[in-house]
$ cat my_file14.pdb   # PDB, C-alpha atoms
ATOM      1  CA  MET X1423      12.178 -21.715 -26.730
ATOM      2  CA  ALA X1424      13.811 -20.779 -30.036
ATOM      3  CA  LEU X1425      17.044 -22.478 -28.914
ATOM      4  CA  PHE X1426      15.128 -25.626 -27.864
ATOM      5  CA  SER X1427      13.277 -25.694 -31.189
ATOM      6  CA  SER X1428      16.517 -25.437 -33.132
ATOM      7  CA  LEU X1429      18.101 -28.266 -31.121
ATOM      8  CA  THR X1430      15.098 -30.597 -31.437
ATOM      9  CA  PRO X1431      16.364 -32.268 -34.660
ATOM     10  CA  VAL X1432      19.715 -32.858 -32.969
ATOM     11  CA  PHE X1433      18.048 -34.531 -29.986
ATOM     12  CA  ILE X1434      15.971 -36.733 -32.315
ATOM     13  CA  ALA X1435      19.099 -37.772 -34.246
ATOM     14  CA  ILE X1436      20.951 -38.650 -31.032
ATOM     15  CA  LEU X1437      17.928 -40.614 -29.805
ATOM     16  CA  CYS X1438      17.836 -42.622 -33.065
ATOM     17  CA  ILE X1439      21.538 -43.417 -32.781
ATOM     18  CA  VAL X1440      21.043 -44.659 -29.209
ATOM     19  CA  ILE X1441      18.116 -46.867 -30.257
ATOM     20  CA  VAL X1442      20.113 -48.376 -33.134
ATOM     21  CA  ALA X1443      23.064 -49.068 -30.812
ATOM     22  CA  VAL X1444      20.805 -50.790 -28.279
ATOM     23  CA  LEU X1445      19.206 -52.964 -30.975
ATOM     24  CA  LYS X1446      22.614 -54.017 -32.341
ATOM     25  CA  GLY X1447      23.730 -54.964 -28.866
ATOM     26  CA  PHE X1448      20.606 -57.065 -28.384
ATOM     27  CA  LYS X1449      21.177 -58.895 -31.688
ATOM     28  CA  LYS X1450      24.757 -59.718 -30.734
ATOM     29  CA  LYS X1451      23.582 -61.197 -27.439
ATOM     30  CA  SER X1452      20.932 -63.283 -29.193
ATOM     31  CA  LYS X1453      23.601 -64.761 -31.482
ATOM     32  CA  LYS X1454      25.749 -66.059 -28.633
ATOM     33  CA  PRO X1455      23.999 -69.468 -28.367
ATOM     34  CA  LYS X1456      24.806 -70.103 -32.039
ATOM     35  CA  ALA X1457      28.459 -69.431 -31.354
ATOM     36  CA  GLN X1458      28.326 -71.971 -28.523
ATOM     37  CA  THR X1459      26.786 -74.525 -30.893
ATOM     38  CA  THR X1460      29.619 -73.982 -33.360
ATOM     39  CA  SER X1461      32.272 -74.471 -30.704
ATOM     40  CA  THR X1462      30.521 -77.642 -29.566
ATOM     41  CA  SER X1463      30.570 -79.068 -33.080
ATOM     42  CA  GLU X1464      34.241 -78.153 -33.444
ATOM     43  CA  SER X1465      35.001 -80.092 -30.278
ATOM     44  CA  ARG X1466      33.319 -83.165 -31.789
ATOM     45  CA  PRO X1467      35.035 -83.513 -35.180
ATOM     46  CA  TRP X1468      33.929 -87.147 -35.462
ATOM     47  CA  VAL X1469      30.286 -86.159 -35.951
ATOM     48  CA  ASP X1470      29.212 -86.898 -39.528
ATOM     49  CA  GLU X1471      28.494 -83.576 -41.218
ATOM     50  CA  ASP X1472      26.052 -85.241 -43.610
ATOM     51  CA  LEU X1473      23.798 -86.252 -40.716
ATOM     52  CA  GLN X1474      23.621 -82.761 -39.190
ATOM     53  CA  ASP X1475      19.983 -82.074 -39.887
ATOM     54  CA  ASN X1476      16.767 -81.632 -37.964
ATOM     55  CA  THR X1477      15.053 -85.005 -37.951
ATOM     56  CA  GLU X1478      11.914 -83.634 -36.364
ATOM     57  CA  LEU X1479       9.172 -81.345 -37.633
ATOM     58  CA  ASN X1480      10.497 -77.965 -38.752
ATOM     59  CA  LEU X1481       7.663 -75.517 -38.220
ATOM     60  CA  GLU X1482       9.191 -72.846 -40.449
ATOM     61  CA  GLU X1483       9.427 -75.295 -43.322
ATOM     62  CA  GLU X1484       5.928 -76.595 -42.618
ATOM     63  CA  ASP X1485       4.563 -73.120 -43.388
ATOM     64  CA  ASN X1486       6.160 -73.276 -46.830
ATOM     65  CA  ASP X1487       3.864 -73.969 -49.780
ATOM     66  CA  ASP X1488       6.230 -76.758 -50.895
ATOM     67  CA  TRP X1489       5.000 -78.956 -48.029
ATOM     68  CA  THR X1490       1.817 -80.979 -48.169
ATOM     69  CA  HIS X1491      -0.854 -81.415 -45.497
ATOM     70  CA  ARG X1492      -2.974 -84.466 -46.205
ATOM     71  CA  GLU X1493      -5.754 -85.528 -43.865
ATOM     72  CA  VAL X1494      -6.931 -88.916 -45.070
ATOM     73  CA  ASP X1495      -8.668 -91.350 -42.734
ATOM     74  CA  VAL X1496      -7.006 -94.770 -42.753
ATOM     75  CA  PRO X1497      -9.561 -97.602 -42.592
ATOM     76  CA  GLN X1498      -9.312 -99.927 -39.610
ATOM     77  CA  ILE X1499      -9.354-103.716 -40.091
ATOM     78  CA  PRO X1500      -9.690-106.593 -37.603
ATOM     79  CA  PHE X1501      -6.454-107.914 -36.132
ATOM     80  CA  SER X1502      -6.330-111.348 -34.511
ATOM     81  CA  PRO X1503      -2.815-112.824 -34.388
ATOM     82  CA  PRO X1504      -2.532-116.471 -33.343
ATOM     83  CA  GLN X1505      -2.347-116.996 -29.591
ATOM     84  CA  LEU X1506       0.550-119.200 -28.461
ATOM     85  CA  SER X1507       0.601-121.292 -25.333
ATOM     86  CA  GLU X1508       2.910-120.143 -22.553
ATOM     87  CA  GLY X1509       5.114-123.149 -23.188
ATOM     88  CA  GLU X1510       5.488-122.361 -26.882
ATOM     89  CA  MET X1511       6.123-118.678 -26.117
ATOM     90  CA  LEU X1512       8.915-119.611 -23.751
ATOM     91  CA  CYS X1513      10.393-122.079 -26.229
ATOM     92  CA  ARG X1514      10.290-119.597 -29.127
ATOM     93  CA  SER X1515      11.732-116.748 -27.070
ATOM     94  CA  GLN X1516      14.647-118.942 -25.951
ATOM     95  CA  GLN X1517      15.328-120.201 -29.469
ATOM     96  CA  PHE X1518      15.235-116.685 -30.907
ATOM     97  CA  PHE X1519      17.611-115.420 -28.231
ATOM     98  CA  GLU X1520      20.045-118.263 -28.885
ATOM     99  CA  LEU X1521      19.934-117.533 -32.612
ATOM    100  CA  LEU X1522      20.660-113.839 -32.226
ATOM    101  CA  ASN X1523      23.183-114.386 -29.459
ATOM    102  CA  LYS X1524      25.361-116.072 -32.099
ATOM    103  CA  ARG X1525      25.355-112.896 -34.194
ATOM    104  CA  ARG X1526      28.784-111.303 -34.466
ATOM    105  CA  SER X1527      30.310-108.421 -36.395
ATOM    106  CA  VAL X1528      32.357-110.185 -39.074
ATOM    107  CA  ARG X1529      34.963-108.386 -41.170
ATOM    108  CA  PHE X1530      36.143-111.439 -43.105
ATOM    109  CA  ILE X1531      33.468-112.120 -45.710
ATOM    110  CA  SER X1532      33.600-114.751 -48.439
ATOM    111  CA  PRO X1533      32.967-113.860 -52.115
ATOM    112  CA  LYS X1534      30.749-116.965 -52.355
ATOM    113  CA  PRO X1535      27.535-115.967 -54.184
ATOM    114  CA  VAL X1536      24.349-115.455 -52.190
ATOM    115  CA  PRO X1537      20.951-115.959 -53.884
ATOM    116  CA  ARG X1538      19.418-112.620 -54.841
ATOM    117  CA  GLU X1539      16.025-113.817 -53.609
ATOM    118  CA  VAL X1540      17.421-114.142 -50.073
ATOM    119  CA  ILE X1541      18.520-110.503 -50.107
ATOM    120  CA  ASP X1542      15.109-109.476 -51.420
ATOM    121  CA  ASN X1543      13.404-111.283 -48.549
ATOM    122  CA  VAL X1544      15.590-109.868 -45.762
ATOM    123  CA  ILE X1545      14.986-106.346 -47.059
ATOM    124  CA  ARG X1546      11.260-107.036 -47.265
ATOM    125  CA  THR X1547      11.537-108.082 -43.631
ATOM    126  CA  ALA X1548      13.335-104.834 -42.731
ATOM    127  CA  GLY X1549      10.497-102.982 -44.423
ATOM    128  CA  THR X1550       8.025-104.338 -41.864
ATOM    129  CA  SER X1551       9.522-101.958 -39.299
ATOM    130  CA  PRO X1552       7.325 -99.375 -37.600
ATOM    131  CA  SER X1553       7.913 -95.738 -38.520
ATOM    132  CA  GLY X1554       6.725 -92.296 -37.442
ATOM    133  CA  ALA X1555       3.228 -91.741 -38.882
ATOM    134  CA  HIS X1556       3.895 -94.743 -41.151
ATOM    135  CA  THR X1557       6.115 -92.650 -43.433
ATOM    136  CA  GLU X1558       8.575 -95.530 -44.019
ATOM    137  CA  PRO X1559      11.523 -93.143 -44.503
ATOM    138  CA  TRP X1560      14.091 -95.671 -45.716
ATOM    139  CA  THR X1561      15.868 -96.547 -48.938
ATOM    140  CA  TYR X1562      17.956 -99.726 -49.178
ATOM    141  CA  VAL X1563      20.523 -99.553 -51.988
ATOM    142  CA  VAL X1564      21.915-103.019 -52.783
ATOM    143  CA  VAL X1565      25.224-103.004 -54.668
ATOM    144  CA  ALA X1566      26.454-106.194 -56.359
ATOM    145  CA  ASP X1567      28.449-104.714 -59.262
ATOM    146  CA  PRO X1568      32.202-105.277 -58.587
ATOM    147  CA  ASP X1569      33.264-101.952 -60.124
ATOM    148  CA  MET X1570      30.741-100.013 -58.086
ATOM    149  CA  LYS X1571      31.767-101.833 -54.911
ATOM    150  CA  HIS X1572      35.390-100.909 -55.547
ATOM    151  CA  LYS X1573      34.512 -97.242 -56.099
ATOM    152  CA  ILE X1574      32.663 -97.279 -52.793
ATOM    153  CA  ARG X1575      35.708 -98.825 -51.126
ATOM    154  CA  GLU X1576      38.017 -96.147 -52.551
ATOM    155  CA  ILE X1577      35.804 -93.339 -51.245
ATOM    156  CA  ILE X1578      35.442 -94.902 -47.803
ATOM    157  CA  GLU X1579      39.101 -95.823 -47.309
ATOM    158  CA  GLU X1580      40.245 -92.334 -48.316
ATOM    159  CA  GLU X1581      37.924 -90.715 -45.769
ATOM    160  CA  GLU X1582      38.531 -93.372 -43.116
ATOM    161  CA  GLU X1583      42.274 -92.785 -43.184
ATOM    162  CA  ILE X1584      41.591 -89.114 -42.474
ATOM    163  CA  ASN X1585      39.162 -90.154 -39.737
ATOM    164  CA  TYR X1586      41.747 -92.363 -38.014
ATOM    165  CA  ARG X1587      44.583 -89.872 -38.377
ATOM    166  CA  GLN X1588      42.727 -86.625 -37.665
ATOM    167  CA  ARG X1589      38.997 -86.633 -36.921
ATOM    168  CA  MET X1590      38.412 -89.455 -34.459
ATOM    169  CA  GLY X1591      40.976 -88.556 -31.843
ATOM    170  CA  GLU X1592      43.455 -90.647 -29.891
ATOM    171  CA  LYS X1593      40.939 -92.099 -27.416
ATOM    172  CA  TRP X1594      38.611 -93.489 -30.086
ATOM    173  CA  VAL X1595      41.478 -94.886 -32.150
ATOM    174  CA  ASN X1596      42.943 -96.593 -29.071
ATOM    175  CA  ASP X1597      39.542 -98.085 -28.199
ATOM    176  CA  LEU X1598      39.399 -99.625 -31.683
ATOM    177  CA  LYS X1599      42.931-101.028 -31.565
ATOM    178  CA  ARG X1600      41.881-103.890 -29.314
ATOM    179  CA  LEU X1601      39.344-104.903 -31.979
ATOM    180  CA  ARG X1602      42.077-104.768 -34.665
ATOM    181  CA  THR X1603      40.180-102.436 -36.961
ATOM    182  CA  ASN X1604      41.623 -99.771 -39.238
ATOM    183  CA  TRP X1605      40.759 -97.844 -42.390
ATOM    184  CA  VAL X1606      41.456-100.778 -44.733
ATOM    185  CA  LYS X1607      38.066-102.304 -45.675
ATOM    186  CA  GLU X1608      38.786-105.352 -47.845
ATOM    187  CA  TYR X1609      35.293-106.705 -47.214
ATOM    188  CA  LEU X1610      33.870-103.892 -49.353
ATOM    189  CA  ASP X1611      35.318-105.700 -52.369
ATOM    190  CA  THR X1612      34.889-109.321 -51.293
ATOM    191  CA  ALA X1613      31.317-109.279 -49.932
ATOM    192  CA  PRO X1614      28.782-110.337 -52.588
ATOM    193  CA  TYR X1615      26.521-107.449 -51.620
ATOM    194  CA  LEU X1616      26.836-104.033 -50.020
ATOM    195  CA  ILE X1617      23.610-102.703 -48.545
ATOM    196  CA  LEU X1618      23.631 -98.939 -48.040
ATOM    197  CA  ILE X1619      20.751 -97.705 -45.903
ATOM    198  CA  PHE X1620      19.657 -94.120 -46.501
ATOM    199  CA  LYS X1621      17.253 -92.197 -44.311
ATOM    200  CA  GLN X1622      14.807 -89.932 -46.114
ATOM    201  CA  VAL X1623      14.757 -86.700 -44.101
ATOM    202  CA  TYR X1624      11.563 -85.791 -45.928
ATOM    203  CA  GLY X1625       9.414 -87.423 -48.580
ATOM    204  CA  LYS X1626       8.704 -86.340 -52.149
ATOM    205  CA  LEU X1627       5.268 -86.774 -53.669
ATOM    206  CA  SER X1628       4.432 -87.077 -57.363
ATOM    207  CA  ASP X1629       3.146 -83.486 -57.436
ATOM    208  CA  GLY X1630       6.491 -82.158 -56.190
ATOM    209  CA  LYS X1631       5.265 -81.457 -52.668
ATOM    210  CA  LYS X1632       7.369 -82.439 -49.659
ATOM    211  CA  LYS X1633       6.091 -84.787 -46.991
ATOM    212  CA  THR X1634       7.275 -84.591 -43.381
ATOM    213  CA  HIS X1635       9.052 -87.708 -42.147
ATOM    214  CA  TYR X1636       8.720 -87.747 -38.365
ATOM    215  CA  TYR X1637      11.495 -89.381 -36.330
ATOM    216  CA  ASN X1638      13.102 -90.550 -39.559
ATOM    217  CA  GLU X1639      16.463 -91.507 -38.050
ATOM    218  CA  ILE X1640      14.890 -93.520 -35.237
ATOM    219  CA  SER X1641      12.518 -95.218 -37.692
ATOM    220  CA  VAL X1642      15.329 -96.219 -40.063
ATOM    221  CA  SER X1643      17.486 -97.388 -37.150
ATOM    222  CA  ILE X1644      14.710 -99.740 -35.988
ATOM    223  CA  SER X1645      14.434-101.062 -39.545
ATOM    224  CA  CYS X1646      18.205-101.698 -39.580
ATOM    225  CA  GLY X1647      17.906-103.726 -36.379
ATOM    226  CA  ILE X1648      15.243-105.919 -37.959
ATOM    227  CA  LEU X1649      17.489-106.323 -41.021
ATOM    228  CA  LEU X1650      20.365-107.532 -38.828
ATOM    229  CA  ALA X1651      18.079-110.130 -37.249
ATOM    230  CA  ALA X1652      16.850-111.236 -40.684
ATOM    231  CA  LEU X1653      20.431-111.672 -41.936
ATOM    232  CA  GLN X1654      21.306-113.746 -38.878
ATOM    233  CA  ASN X1655      18.206-115.864 -39.453
ATOM    234  CA  VAL X1656      19.433-116.958 -42.910
ATOM    235  CA  GLY X1657      23.032-117.606 -41.867
ATOM    236  CA  LEU X1658      24.621-114.510 -43.398
ATOM    237  CA  VAL X1659      27.081-112.182 -41.670
ATOM    238  CA  THR X1660      27.804-108.483 -41.761
ATOM    239  CA  VAL X1661      29.509-105.682 -39.859
ATOM    240  CA  THR X1662      27.703-102.425 -39.148
ATOM    241  CA  THR X1663      29.708 -99.558 -40.623
ATOM    242  CA  THR X1664      29.030 -95.835 -40.458
ATOM    243  CA  PRO X1665      31.330 -94.259 -43.075
ATOM    244  CA  LEU X1666      32.135 -90.915 -41.472
ATOM    245  CA  ASN X1667      31.780 -87.981 -43.895
ATOM    246  CA  CYS X1668      31.394 -90.286 -46.908
ATOM    247  CA  GLY X1669      27.653 -89.742 -47.254
ATOM    248  CA  PRO X1670      27.629 -86.915 -49.826
ATOM    249  CA  GLN X1671      30.099 -88.666 -52.144
ATOM    250  CA  LEU X1672      28.290 -92.000 -51.919
ATOM    251  CA  ARG X1673      24.937 -90.321 -52.440
ATOM    252  CA  VAL X1674      26.201 -88.744 -55.673
ATOM    253  CA  LEU X1675      27.895 -91.976 -56.785
ATOM    254  CA  LEU X1676      24.660 -93.928 -56.332
ATOM    255  CA  HIS X1677      22.477 -91.176 -57.826
ATOM    256  CA  ARG X1678      20.398 -90.721 -54.694
ATOM    257  CA  PRO X1679      18.325 -87.527 -54.220
ATOM    258  CA  ALA X1680      19.240 -84.742 -51.806
ATOM    259  CA  ASN X1681      16.550 -85.729 -49.299
ATOM    260  CA  GLU X1682      18.369 -89.022 -48.601
ATOM    261  CA  LYS X1683      21.298 -89.234 -46.190
ATOM    262  CA  LEU X1684      23.479 -92.280 -45.603
ATOM    263  CA  LEU X1685      22.903 -93.828 -42.190
ATOM    264  CA  LEU X1686      24.544 -97.266 -42.381
ATOM    265  CA  LEU X1687      26.488 -99.549 -44.716
ATOM    266  CA  LEU X1688      26.362-103.333 -44.403
ATOM    267  CA  PRO X1689      28.647-105.711 -46.332
ATOM    268  CA  VAL X1690      26.684-108.967 -46.580
ATOM    269  CA  GLY X1691      27.720-112.540 -47.312
ATOM    270  CA  TYR X1692      28.965-115.788 -45.815
ATOM    271  CA  PRO X1693      31.911-115.728 -43.401
ATOM    272  CA  SER X1694      35.236-116.634 -45.002
ATOM    273  CA  GLU X1695      36.808-119.991 -44.080
ATOM    274  CA  ASN X1696      39.404-118.394 -41.799
ATOM    275  CA  ALA X1697      37.137-115.719 -40.334
ATOM    276  CA  THR X1698      37.833-114.588 -36.780
ATOM    277  CA  VAL X1699      35.984-112.295 -34.389
ATOM    278  CA  PRO X1700      37.027-110.637 -31.115
ATOM    279  CA  ASP X1701      36.402-112.740 -28.016
ATOM    280  CA  LEU X1702      33.841-110.455 -26.397
ATOM    281  CA  ASN X1703      31.168-110.983 -23.746
ATOM    282  CA  ARG X1704      27.712-109.445 -23.719
ATOM    283  CA  LYS X1705      26.027-107.832 -20.744
ATOM    284  CA  LYS X1706      24.046-110.079 -18.444
ATOM    285  CA  LEU X1707      20.314-109.526 -18.143
ATOM    286  CA  GLU X1708      20.625-107.974 -14.685
ATOM    287  CA  ASP X1709      23.132-105.444 -16.053
ATOM    288  CA  MET X1710      20.832-104.104 -18.767
ATOM    289  CA  MET X1711      17.258-104.552 -17.535
ATOM    290  CA  VAL X1712      15.453-102.720 -14.751
ATOM    291  CA  PHE X1713      12.219-104.418 -13.713
ATOM    292  CA  VAL X1714       9.739-102.263 -11.788
TER     293      VAL X1714
END

$ encode --input "my_file14.pdb" --output "structure tokens"
Amino acid sequence: MALFSSLTPVFIAILCIVIVAVLKGFKKKSKKPKAQTTSTSESRPWVDEDLQDNTELNLEEEDNDDWTHREVDVPQIPFSPPQLSEGEMLCRSQQFFELLNKRRSVRFISPKPVPREVIDNVIRTAGTSPSGAHTEPWTYVVVADPDMKHKIREIIEEEEEINYRQRMGEKWVNDLKRLRTNWVKEYLDTAPYLILIFKQVYGKLSDGKKKTHYYNEISVSISCGILLAALQNVGLVTVTTTPLNCGPQLRVLLHRPANEKLLLLLPVGYPSENATVPDLNRKKLEDMMVFV
């Protein structure tokens, strides 16, 4: 008994060491999925680092005192849009399709001035887009200043050359060759306006609290689609560009807050006199619609 009593502390120490070793082993196993995530991101170097964020509700952040929880009832009002006849519906739908079917991605843009009021109206139109919980998580930065446009071009072309030579990979670069695109973006200087669309990953209220923006990337993307239709409606052209890994630099250049991340850049103007576009065909209805 005396021997057992004297060895008891030793047994307790050994038991503690075993428990610690088991816990460390468990922690290492729980970290394995993160390692897999890292390897996945390394295998996709073309993914824009600036857009690597959780666009949905983060429950851990929601428990933080910096976030606001507002429960305000929104009043309901009558809604009675005009009812069109079937004939007029068919006519309008066909006309709208024909208008948008003429839309093309144009990289040759004229410096001819475009009325500022037109740009105001197309962005107002984009702002009619639906959004998650009506958070309207978009910021449209319109750049007309020639010096600022050139600075934007310098940032984008520097990063784009790296993208083409290193990040994008041979397959992507070869897919773009047939469209005759490269890292030289002359239209960033010549277009009368550059519209940079930022998604707000969360909102900021006047009291400093943060506001959750649900489905912010999807909401802003829908708004961009409406903007493209509005530009086509007024006879202007653009090309959708996603400047890979340029977001942080452009955000700083344009003095945008940290909660905004660049989603899309649109050079906007009239097509140049000698503008050309690739001779491409769109999918037929039966190739893109399933009717049940």

$ resolve_selection --input "my_file14.pdb" --expression "the PyMOL selection byres ((chain X and resi 1657) around 10)" --output "list in words"
Leu1521, Arg1525, Ala1652, Leu1653, Gln1654, Asn1655, Val1656, Leu1658, Val1659, Gly1691, Tyr1692 and Pro1693 of chain X

$ residues_around --input "my_file14.pdb" --residues "Trp1560 of chain X" --least-positions-apart "5" --cutoff "8 Å" --atoms "all atoms listed in the file" --output "list in words"
Ile1619, Phe1620, Lys1621, Gln1622 and Val1642 of chain X

$ resolve_selection --input "my_file14.pdb" --expression "the PyMOL selection byres ((chain X and resi 1662) around 10)" --output "list in words"
Ser1527, Val1528, Arg1529, Cys1646, Leu1650, Thr1660, Val1661, Thr1663, Thr1664, Pro1665, Leu1686, Leu1687, Leu1688, Pro1689 and Val1690 of chain X

$ resolve_selection --input "my_file14.pdb" --expression "the PyMOL selection byres ((chain X and resi 1702) around 12)" --output "PyMOL selection string"
chain X and resi 1523-1527+1600-1601+1698-1701+1703-1705

$ residues_around --input "my_file14.pdb" --residues "Ala1548 of chain X" --least-positions-apart "6" --cutoff "6 Å" --atoms "only C-alpha atoms" --output "list in words"
Ser1645, Ile1648 and Leu1649 of chain X

$ atom_distance --input "my_file14.pdb" --atom1 "atom CA of Arg1678 of chain X" --atom2 "atom CA of Lys1633 of chain X"
17.3 Å
